[in-house]
$ cat input_21.cif   # mmCIF, C-alpha atoms and all ligand atoms
data_coords
loop_
_atom_site.label_atom_id
_atom_site.label_comp_id
_atom_site.auth_asym_id
_atom_site.auth_seq_id
_atom_site.Cartn_x
_atom_site.Cartn_y
_atom_site.Cartn_z
CA MET A 1 30.91 -126.60 -36.51
CA THR A 2 28.54 -125.18 -39.07
CA ILE A 3 25.08 -126.67 -39.06
CA LYS A 4 24.30 -128.39 -42.34
CA ARG A 5 21.01 -129.38 -43.83
CA VAL A 6 20.78 -133.15 -44.02
CA LEU A 7 18.13 -134.96 -46.00
CA SER A 8 17.42 -138.62 -46.47
CA GLY A 9 14.52 -140.82 -47.44
CA MET A 10 13.39 -144.40 -47.19
CA ARG A 11 10.91 -146.25 -49.31
CA PRO A 12 7.99 -147.42 -47.18
CA SER A 13 8.77 -151.08 -46.64
CA GLY A 14 6.69 -151.64 -43.51
CA LYS A 15 8.18 -152.73 -40.21
CA LEU A 16 11.90 -152.17 -40.00
CA HIS A 17 14.49 -154.76 -39.01
CA LEU A 18 17.85 -154.75 -37.24
CA GLY A 19 19.60 -154.18 -40.56
CA HIS A 20 17.71 -150.91 -41.04
CA PHE A 21 18.44 -149.92 -37.48
CA HIS A 22 22.20 -150.37 -37.62
CA GLY A 23 22.52 -149.45 -41.29
CA VAL A 24 20.41 -146.30 -41.36
CA LEU A 25 18.52 -145.26 -38.24
CA GLU A 26 21.48 -145.18 -35.86
CA ASN A 27 23.15 -142.82 -38.25
CA TRP A 28 20.06 -140.61 -38.50
CA LEU A 29 19.90 -140.45 -34.70
CA LYS A 30 23.48 -139.26 -34.59
CA LEU A 31 23.01 -136.72 -37.37
CA GLN A 32 19.88 -135.21 -35.86
CA LYS A 33 21.91 -134.23 -32.79
CA GLU A 34 24.27 -132.16 -34.88
CA HIS A 35 22.41 -130.90 -37.94
CA GLU A 36 19.09 -129.76 -39.29
CA CYS A 37 17.61 -133.01 -40.56
CA PHE A 38 14.78 -133.87 -42.94
CA PHE A 39 13.76 -137.51 -43.11
CA PHE A 40 11.01 -138.48 -45.46
CA VAL A 41 8.94 -141.41 -46.65
CA ALA A 42 9.57 -141.95 -50.37
CA ASP A 43 6.12 -143.28 -51.21
CA TRP A 44 6.24 -142.20 -54.85
CA HIS A 45 9.50 -144.08 -55.18
CA ALA A 46 7.74 -147.17 -53.85
CA LEU A 47 5.39 -146.93 -56.84
CA THR A 48 8.28 -147.16 -59.30
CA THR A 49 8.44 -150.86 -58.48
CA GLU A 50 5.08 -151.52 -56.76
CA TYR A 51 2.87 -149.77 -59.30
CA ASN A 52 0.77 -152.89 -59.73
CA ASN A 53 0.23 -153.37 -56.01
CA PRO A 54 -0.31 -150.02 -54.29
CA SER A 55 -2.68 -151.39 -51.66
CA ALA A 56 0.02 -152.14 -49.08
CA ILE A 57 1.69 -148.74 -49.23
CA GLN A 58 -0.45 -146.89 -46.64
CA GLU A 59 0.03 -149.61 -44.05
CA ASN A 60 3.75 -149.77 -44.81
CA ILE A 61 4.11 -146.02 -44.37
CA LYS A 62 2.44 -146.17 -40.97
CA GLU A 63 4.50 -149.09 -39.68
CA MET A 64 7.75 -147.57 -40.87
CA VAL A 65 7.07 -144.17 -39.33
CA ILE A 66 6.08 -145.83 -36.04
CA ASP A 67 9.50 -147.49 -36.05
CA TRP A 68 11.25 -144.18 -36.80
CA LEU A 69 9.54 -142.53 -33.87
CA SER A 70 10.05 -145.53 -31.60
CA VAL A 71 13.82 -145.49 -32.00
CA GLY A 72 14.00 -141.76 -31.22
CA ILE A 73 13.71 -139.81 -34.46
CA LEU A 74 12.27 -136.42 -33.34
CA GLY A 75 13.47 -137.27 -29.81
CA THR A 76 12.07 -139.57 -27.15
CA ASP A 77 9.15 -137.17 -26.50
CA LEU A 78 8.82 -136.44 -30.23
CA LYS A 79 9.82 -132.83 -29.79
CA SER A 80 13.16 -132.66 -28.03
CA VAL A 81 15.00 -132.58 -31.36
CA PRO A 82 13.36 -129.48 -32.84
CA ASN A 83 15.68 -129.40 -35.83
CA SER A 84 14.42 -132.73 -37.12
CA THR A 85 11.51 -133.02 -39.51
CA ILE A 86 9.77 -136.06 -40.92
CA PHE A 87 7.44 -135.80 -43.88
CA LEU A 88 5.72 -137.68 -46.68
CA GLN A 89 7.00 -137.21 -50.22
CA SER A 90 3.57 -137.37 -51.89
CA ALA A 91 2.27 -134.63 -49.58
CA ILE A 92 4.65 -132.18 -51.23
CA LYS A 93 3.53 -132.01 -54.86
CA GLU A 94 6.35 -129.59 -55.61
CA HIS A 95 8.71 -132.60 -55.80
CA ALA A 96 6.75 -133.71 -58.85
CA GLU A 97 6.97 -130.31 -60.51
CA LEU A 98 10.72 -130.14 -59.99
CA HIS A 99 11.06 -133.74 -61.17
CA LEU A 100 9.32 -132.75 -64.40
CA LEU A 101 11.58 -129.77 -64.96
CA LEU A 102 14.71 -131.80 -64.19
CA SER A 103 13.56 -134.45 -66.65
CA MET A 104 13.86 -131.85 -69.42
CA ILE A 105 17.58 -131.44 -68.85
CA THR A 106 18.60 -134.99 -67.92
CA PRO A 107 20.18 -136.87 -70.82
CA LEU A 108 18.75 -140.34 -71.31
CA SER A 109 22.25 -141.78 -71.50
CA TRP A 110 22.95 -140.74 -67.90
CA LEU A 111 19.92 -142.70 -66.71
CA GLU A 112 20.54 -145.71 -68.92
CA ARG A 113 24.06 -146.19 -67.64
CA ASN A 114 22.94 -146.04 -64.00
CA PRO A 115 24.17 -149.38 -62.58
CA THR A 116 21.16 -149.90 -60.25
CA TYR A 117 18.83 -149.46 -63.19
CA LYS A 118 20.63 -151.96 -65.40
CA GLU A 119 20.97 -154.46 -62.60
CA GLN A 120 17.35 -154.36 -61.48
CA VAL A 121 15.78 -154.34 -64.92
CA ASP A 122 17.71 -157.54 -65.67
CA GLU A 123 17.44 -159.22 -62.30
CA VAL A 124 13.94 -158.51 -61.08
CA LYS A 125 11.94 -161.15 -62.88
CA ASP A 126 8.52 -160.84 -61.26
CA LYS A 127 7.95 -157.23 -62.33
CA ASP A 128 8.24 -155.32 -65.55
CA LEU A 129 10.55 -152.44 -64.74
CA HIS A 130 10.84 -151.14 -68.30
CA THR A 131 8.92 -148.04 -67.36
CA TYR A 132 9.50 -144.34 -67.74
CA GLY A 133 9.05 -143.90 -63.98
CA PHE A 134 11.62 -146.49 -63.02
CA LEU A 135 14.20 -145.10 -65.42
CA GLY A 136 13.57 -141.68 -63.93
CA TYR A 137 13.96 -142.88 -60.33
CA PRO A 138 17.16 -140.88 -59.77
CA VAL A 139 15.62 -137.76 -61.31
CA LEU A 140 12.83 -137.83 -58.74
CA GLN A 141 15.42 -138.54 -56.06
CA THR A 142 17.34 -135.46 -57.19
CA ALA A 143 14.21 -133.34 -56.90
CA ASP A 144 13.66 -134.71 -53.36
CA ILE A 145 17.09 -133.55 -52.34
CA ILE A 146 17.66 -130.22 -54.02
CA ILE A 147 14.16 -128.82 -53.43
CA TYR A 148 15.31 -128.50 -49.78
CA LYS A 149 18.76 -127.27 -50.84
CA ALA A 150 20.20 -130.09 -48.75
CA ASN A 151 23.96 -130.11 -48.25
CA MET A 152 24.41 -133.68 -47.12
CA VAL A 153 22.62 -136.88 -48.02
CA PRO A 154 23.38 -139.90 -45.84
CA VAL A 155 22.95 -143.10 -47.85
CA GLY A 156 24.37 -146.59 -48.08
CA ILE A 157 26.88 -147.53 -50.76
CA ASP A 158 24.12 -148.99 -52.98
CA GLN A 159 22.69 -145.49 -53.39
CA ALA A 160 26.01 -143.83 -54.24
CA PRO A 161 25.50 -143.97 -58.04
CA HIS A 162 22.15 -142.23 -57.64
CA LEU A 163 23.73 -139.46 -55.64
CA GLU A 164 26.43 -139.05 -58.27
CA LEU A 165 23.69 -138.58 -60.84
CA SER A 166 21.97 -136.06 -58.58
CA ARG A 167 25.14 -134.04 -58.44
CA GLU A 168 25.47 -134.10 -62.22
CA ILE A 169 21.87 -133.04 -62.74
CA THR A 170 22.30 -130.25 -60.19
CA ARG A 171 25.43 -128.97 -61.92
CA ARG A 172 23.63 -128.97 -65.25
CA PHE A 173 20.71 -127.05 -63.82
CA ASN A 174 22.99 -124.44 -62.27
CA PHE A 175 24.95 -124.14 -65.53
CA LEU A 176 21.83 -123.66 -67.66
CA TYR A 177 19.76 -121.42 -65.41
CA GLY A 178 22.16 -119.86 -62.95
CA GLU A 179 23.46 -120.93 -59.55
CA THR A 180 20.29 -122.12 -57.79
CA PHE A 181 21.09 -125.25 -55.81
CA PRO A 182 24.01 -126.36 -53.66
CA GLU A 183 25.57 -129.57 -54.96
CA PRO A 184 24.49 -132.25 -52.50
CA GLN A 185 27.30 -134.16 -50.84
CA THR A 186 27.05 -137.90 -50.33
CA LEU A 187 27.55 -138.95 -46.75
CA LEU A 188 28.35 -142.63 -47.02
CA THR A 189 26.88 -144.60 -44.16
CA GLU A 190 29.04 -147.48 -43.09
CA THR A 191 26.87 -150.52 -42.87
CA PRO A 192 28.02 -153.08 -40.34
CA LYS A 193 28.10 -156.63 -41.56
CA LEU A 194 24.76 -157.64 -40.17
CA LEU A 195 23.49 -160.84 -41.66
CA GLY A 196 20.08 -162.42 -41.52
CA THR A 197 19.21 -165.73 -39.91
CA ASP A 198 20.17 -167.63 -43.09
CA GLY A 199 23.59 -165.99 -43.38
CA ARG A 200 22.64 -163.74 -46.29
CA LYS A 201 22.23 -159.97 -46.03
CA MET A 202 19.31 -159.16 -43.71
CA SER A 203 16.35 -158.31 -45.88
CA LYS A 204 12.61 -158.54 -45.61
CA SER A 205 12.39 -160.19 -49.01
CA TYR A 206 14.75 -163.00 -47.96
CA ASN A 207 12.56 -163.79 -44.96
CA ASN A 208 15.63 -163.80 -42.73
CA ALA A 209 15.07 -160.59 -40.78
CA ILE A 210 14.64 -159.88 -37.09
CA PHE A 211 12.28 -156.94 -36.77
CA LEU A 212 12.53 -154.17 -34.21
CA SER A 213 9.01 -155.06 -33.19
CA ASP A 214 9.53 -158.83 -32.83
CA PRO A 215 8.47 -160.03 -29.37
CA PRO A 216 10.88 -162.25 -27.36
CA ASP A 217 9.31 -165.57 -28.38
CA VAL A 218 9.56 -164.67 -32.06
CA ILE A 219 13.18 -163.64 -31.63
CA GLU A 220 13.89 -167.00 -30.01
CA LYS A 221 12.10 -168.87 -32.78
CA LYS A 222 14.14 -167.06 -35.40
CA LEU A 223 17.49 -167.30 -33.64
CA LEU A 224 17.58 -170.95 -32.60
CA PRO A 225 17.72 -172.36 -36.14
CA MET A 226 20.03 -169.55 -37.27
CA PHE A 227 22.88 -170.22 -39.69
CA THR A 228 26.30 -170.59 -37.98
CA ASP A 229 29.88 -171.31 -39.02
CA PRO A 230 29.18 -173.96 -41.69
CA ALA A 231 32.42 -175.76 -40.80
CA ARG A 232 31.12 -176.43 -37.31
CA GLN A 233 29.00 -179.49 -38.04
CA ARG A 234 29.22 -181.31 -34.71
CA ARG A 235 29.32 -180.10 -31.14
CA THR A 236 32.95 -181.29 -30.91
CA ASP A 237 34.07 -179.32 -34.00
CA LYS A 238 35.94 -176.13 -33.25
CA GLY A 239 34.32 -173.07 -34.79
CA ASN A 240 35.42 -169.73 -36.21
CA PRO A 241 33.28 -166.95 -34.75
CA GLU A 242 34.54 -164.46 -37.33
CA VAL A 243 32.53 -166.17 -40.06
CA CYS A 244 29.43 -166.71 -37.92
CA PRO A 245 26.49 -164.27 -38.11
CA VAL A 246 25.48 -165.24 -34.57
CA TYR A 247 28.78 -163.86 -33.35
CA PHE A 248 28.22 -160.60 -35.23
CA LEU A 249 24.99 -160.16 -33.36
CA HIS A 250 26.73 -160.94 -30.06
CA LYS A 251 29.29 -158.24 -30.85
CA ILE A 252 26.49 -155.70 -31.25
CA TYR A 253 24.18 -156.75 -28.45
CA SER A 254 26.05 -158.64 -25.74
CA ILE A 255 28.22 -157.39 -22.89
CA PRO A 256 32.02 -157.77 -23.30
CA GLU A 257 32.19 -160.75 -20.91
CA THR A 258 29.68 -162.69 -23.00
CA ILE A 259 31.46 -161.80 -26.24
CA THR A 260 34.74 -163.12 -24.85
CA TRP A 261 33.00 -166.24 -23.56
CA VAL A 262 31.54 -166.88 -27.02
CA GLU A 263 34.79 -166.25 -28.84
CA GLN A 264 36.81 -168.56 -26.59
CA GLY A 265 34.09 -171.18 -26.28
CA CYS A 266 33.51 -171.32 -30.02
CA LYS A 267 37.19 -171.61 -30.96
CA THR A 268 37.81 -174.40 -28.43
CA ALA A 269 34.47 -176.19 -28.86
CA GLY A 270 33.90 -175.35 -25.21
CA ILE A 271 30.35 -174.22 -25.90
CA GLY A 272 27.71 -175.46 -28.29
CA CYS A 273 25.90 -173.36 -30.86
CA ILE A 274 22.55 -173.70 -29.11
CA GLU A 275 24.10 -172.48 -25.87
CA CYS A 276 25.68 -169.62 -27.76
CA LYS A 277 22.39 -168.63 -29.39
CA LYS A 278 20.47 -168.93 -26.14
CA SER A 279 22.79 -166.41 -24.53
CA LEU A 280 22.20 -163.99 -27.41
CA ILE A 281 18.42 -163.92 -27.10
CA PRO A 282 18.21 -161.93 -23.83
CA SER A 283 20.84 -159.47 -25.10
CA ILE A 284 18.72 -158.58 -28.13
CA VAL A 285 15.46 -158.61 -26.19
CA LYS A 286 16.91 -156.17 -23.67
CA LYS A 287 18.15 -153.73 -26.33
CA LEU A 288 14.77 -153.75 -28.07
CA GLU A 289 12.77 -153.31 -24.89
CA PRO A 290 12.70 -149.48 -24.76
CA ILE A 291 12.00 -149.29 -28.50
CA GLN A 292 9.08 -151.69 -28.18
CA LYS A 293 7.75 -149.85 -25.15
CA LYS A 294 7.68 -146.64 -27.15
CA ARG A 295 6.10 -148.49 -30.07
CA ALA A 296 3.28 -149.77 -27.87
CA GLU A 297 2.56 -146.20 -26.71
CA ILE A 298 2.37 -144.95 -30.28
CA VAL A 299 0.23 -147.87 -31.46
CA LYS A 300 -2.21 -147.07 -28.66
CA ASN A 301 -2.39 -143.49 -29.84
CA PRO A 302 -1.98 -143.52 -33.63
CA ASP A 303 -2.70 -139.81 -33.96
CA ILE A 304 0.89 -139.31 -32.86
CA VAL A 305 2.03 -140.51 -36.28
CA ASN A 306 -0.41 -138.31 -38.19
CA GLU A 307 0.44 -135.29 -36.11
CA ALA A 308 4.17 -135.73 -36.56
CA LEU A 309 3.75 -136.11 -40.31
CA ASN A 310 1.31 -133.22 -40.65
CA LYS A 311 3.60 -130.90 -38.77
CA GLY A 312 6.59 -132.00 -40.82
CA ASN A 313 4.68 -131.77 -44.10
CA LYS A 314 3.83 -128.16 -43.36
CA LYS A 315 7.42 -127.25 -42.65
CA ALA A 316 8.67 -129.10 -45.74
CA LEU A 317 5.97 -127.58 -47.95
CA LYS A 318 6.97 -124.06 -47.03
CA ILE A 319 10.59 -124.63 -48.03
CA ALA A 320 9.63 -126.48 -51.21
CA GLN A 321 7.27 -123.69 -52.26
CA GLU A 322 9.94 -121.07 -51.75
CA THR A 323 12.43 -123.05 -53.78
CA MET A 324 9.95 -123.53 -56.61
CA THR A 325 9.27 -119.81 -56.81
CA GLY A 326 12.97 -119.33 -57.48
CA VAL A 327 13.10 -122.23 -59.92
CA ARG A 328 10.17 -120.96 -61.99
CA LYS A 329 11.79 -117.57 -62.16
CA ALA A 330 15.09 -119.09 -63.28
CA LEU A 331 13.27 -120.97 -66.07
CA LYS A 332 11.27 -117.91 -67.11
CA LEU A 333 8.04 -119.63 -66.09
CA GLN A 334 5.37 -117.88 -64.08
N1 LIG B 1 16.32 -144.32 -53.16
C1 LIG B 1 16.36 -144.32 -51.72
C2 LIG B 1 16.36 -145.76 -51.22
O1 LIG B 1 15.87 -146.64 -51.87
C3 LIG B 1 15.21 -143.57 -51.14
C4 LIG B 1 15.24 -142.14 -51.51
C5 LIG B 1 14.35 -141.50 -52.33
C6 LIG B 1 16.18 -141.17 -51.09
N2 LIG B 1 14.68 -140.18 -52.43
C7 LIG B 1 15.78 -139.93 -51.68
C8 LIG B 1 17.31 -141.22 -50.27
C9 LIG B 1 16.51 -138.76 -51.47
C10 LIG B 1 18.03 -140.04 -50.06
C11 LIG B 1 17.62 -138.82 -50.67
O2 LIG B 1 16.84 -146.00 -50.13
FE1 LIG B 2 28.52 -169.30 -34.16
FE2 LIG B 2 28.31 -169.35 -31.53
FE3 LIG B 2 28.24 -171.64 -32.93
FE4 LIG B 2 30.49 -170.28 -32.70
S1 LIG B 2 29.38 -171.23 -31.05
S2 LIG B 2 29.66 -171.16 -34.61
S3 LIG B 2 29.77 -168.16 -32.70
S4 LIG B 2 26.73 -169.97 -33.01
#
$ encode --input "input_21.cif" --output "structure tokens"
Amino acid sequence: MTIKRVLSGMRPSGKLHLGHFHGVLENWLKLQKEHECFFFVADWHALTTEYNNPSAIQENIKEMVIDWLSVGILGTDLKSVPNSTIFLQSAIKEHAELHLLLSMITPLSWLERNPTYKEQVDEVKDKDLHTYGFLGYPVLQTADIIIYKANMVPVGIDQAPHLELSREITRRFNFLYGETFPEPQTLLTETPKLLGTDGRKMSKSYNNAIFLSDPPDVIEKKLLPMFTDPARQRRTDKGNPEVCPVYFLHKIYSIPETITWVEQGCKTAGIGCIECKKSLIPSIVKKLEPIQKKRAEIVKNPDIVNEALNKGNKKALKIAQETMTGVRKALKLQ
């Protein structure tokens, strides 16, 4: 198998939840075993929507990176996966230079028809997203990717239109200035159907998330009132586990015997929902234990985060600088 360069980023949203873990981080952990991986904090991208409230960003960066390291990005001792690099977007100013140059060749119509743009400008009511920066979000994202000449970009389906744009912009650059960048391939991450405690998609903004760092009593407090099969109103009603988010969590966290017990018990009204939820709590707590142990170590010694980022920033910077030398030459700049 040829080793590919993989790159992906996350906006700094603070502490990560189970949805991030199963939707993104598990995939990163798998990829870092097989490929050269670059994972970065997209803090400039955070400003495209949080431009009026930048004060939380530093704290959010720190909490998110602690979670990355706690789950095993860079390896359990933070060095046993030497081909993995984490870095901070804003530490590599070259992204901004490439973003500027790409903005020269990106037709406005490509950005205006971007479905995420249209959707968010209409739907997000509490912010004014009619900005130059927000429209250019995918242009910056393209710079993030191609400055490292990444071959594969693992993202969820919601990011697929952005990646398609990145490929188009890359092709246009290569056409105008000569073959410079590989066209990045989208590596679609399958997101398991992990729902929050209210039955909607798990998301920090819905207030329905279970965080990787939640202690056992908080997990219990969140799980006990959790949404279940809405048709199961009374203890005597038979339920359908396939439509119940509690059952989805059991399938991820519980041992096979418990899963069978839940499935049978739910369908026959043999068990109650509270009983079912109570048996889920220790399963989740146990899975999160090693992650939280690692987290506590890092929190005690916060330099670990700075060191990991500084080291990664240096490595990323070197590649980005080399790429930009080639790019300037291709554009007849100095
Ligand atoms: N837009 C991505 C998200 O919201 C974050 C991101 C920024 C990204 N730049 C990237 C992802 C480059 C992959 C590659 O999740
Ligand atoms: Fe959901 Fe469990 Fe209740 Fe069935 S018994 S509806 S799986 S919480």
$ axis_aligned_box --input "input_21.cif" --around "ligand LIG 1 (chain B)" --padding-each-side "3 Å" --output "lines of an AutoDock Vina configuration file"
center_x = 16.2
center_y = -142.7
center_z = -51.6
size_x = 9.7
size_y = 13.9
size_z = 9.1
$ residues_near_ligand --input "input_21.cif" --ligand "ligand LIG 2 (chain B)" --cutoff "6 Å" --atoms "all atoms listed in the file" --output "list in words"
Thr228, Asp229, Gly239, Pro241, Cys244, Val246, Tyr247, Cys266, Gly272, Cys273, Cys276 and Lys277 of chain A
$ residues_around --input "input_21.cif" --residues "Gln32 in chain A" --least-positions-apart "6" --cutoff "8 Å" --atoms "all atoms listed in the file" --output "short mmCIF file (atom, residue, chain, number, x, y, z; two decimals) with C-alpha atoms, in the coordinates of the input"
data_model
loop_
_atom_site.label_atom_id
_atom_site.label_comp_id
_atom_site.auth_asym_id
_atom_site.auth_seq_id
_atom_site.Cartn_x
_atom_site.Cartn_y
_atom_site.Cartn_z
CA ILE A 73 13.71 -139.81 -34.46
CA VAL A 81 15.00 -132.58 -31.36
CA ASN A 83 15.68 -129.40 -35.83
CA SER A 84 14.42 -132.73 -37.12
#
$ residues_around --input "input_21.cif" --residues "Leu108 in chain A" --least-positions-apart "3" --cutoff "12 Å" --atoms "all atoms listed in the file" --output "list in words"
Leu102, Ser103, Met104, Ile105, Leu111, Glu112, Arg113, Asn114, Tyr132, Leu135, Gly136, Pro138, Val139, Leu165 and Ile169 of chain A
$ residues_near_ligand --input "input_21.cif" --ligand "ligand LIG 1 (chain B)" --cutoff "10 Å" --atoms "all atoms listed in the file" --output "ChimeraX atom specification"
/A:6-13,24,38-46,89,137-146,150,152-156,158-160,162-163,166,184,186
$ closest_residue --input "input_21.cif" --among "A:Ile255, A:Ile291, A:Leu100, A:Ala56" --to "Phe21 in chain A" --atoms "all atoms listed in the file"
A:Ile291
$ atom_distance --input "input_21.cif" --atom1 "CA of Gln334 in chain A" --atom2 "CA of Lys311 in chain A"
28.5 Å
$ residues_near_point --input "input_21.cif" --point "(17.4, -160.3, -26.7)" --cutoff "12 Å" --atoms "all atoms listed in the file" --output "PyMOL selection string"
chain A and resi 18+210-223+249-250+252-255+277-290
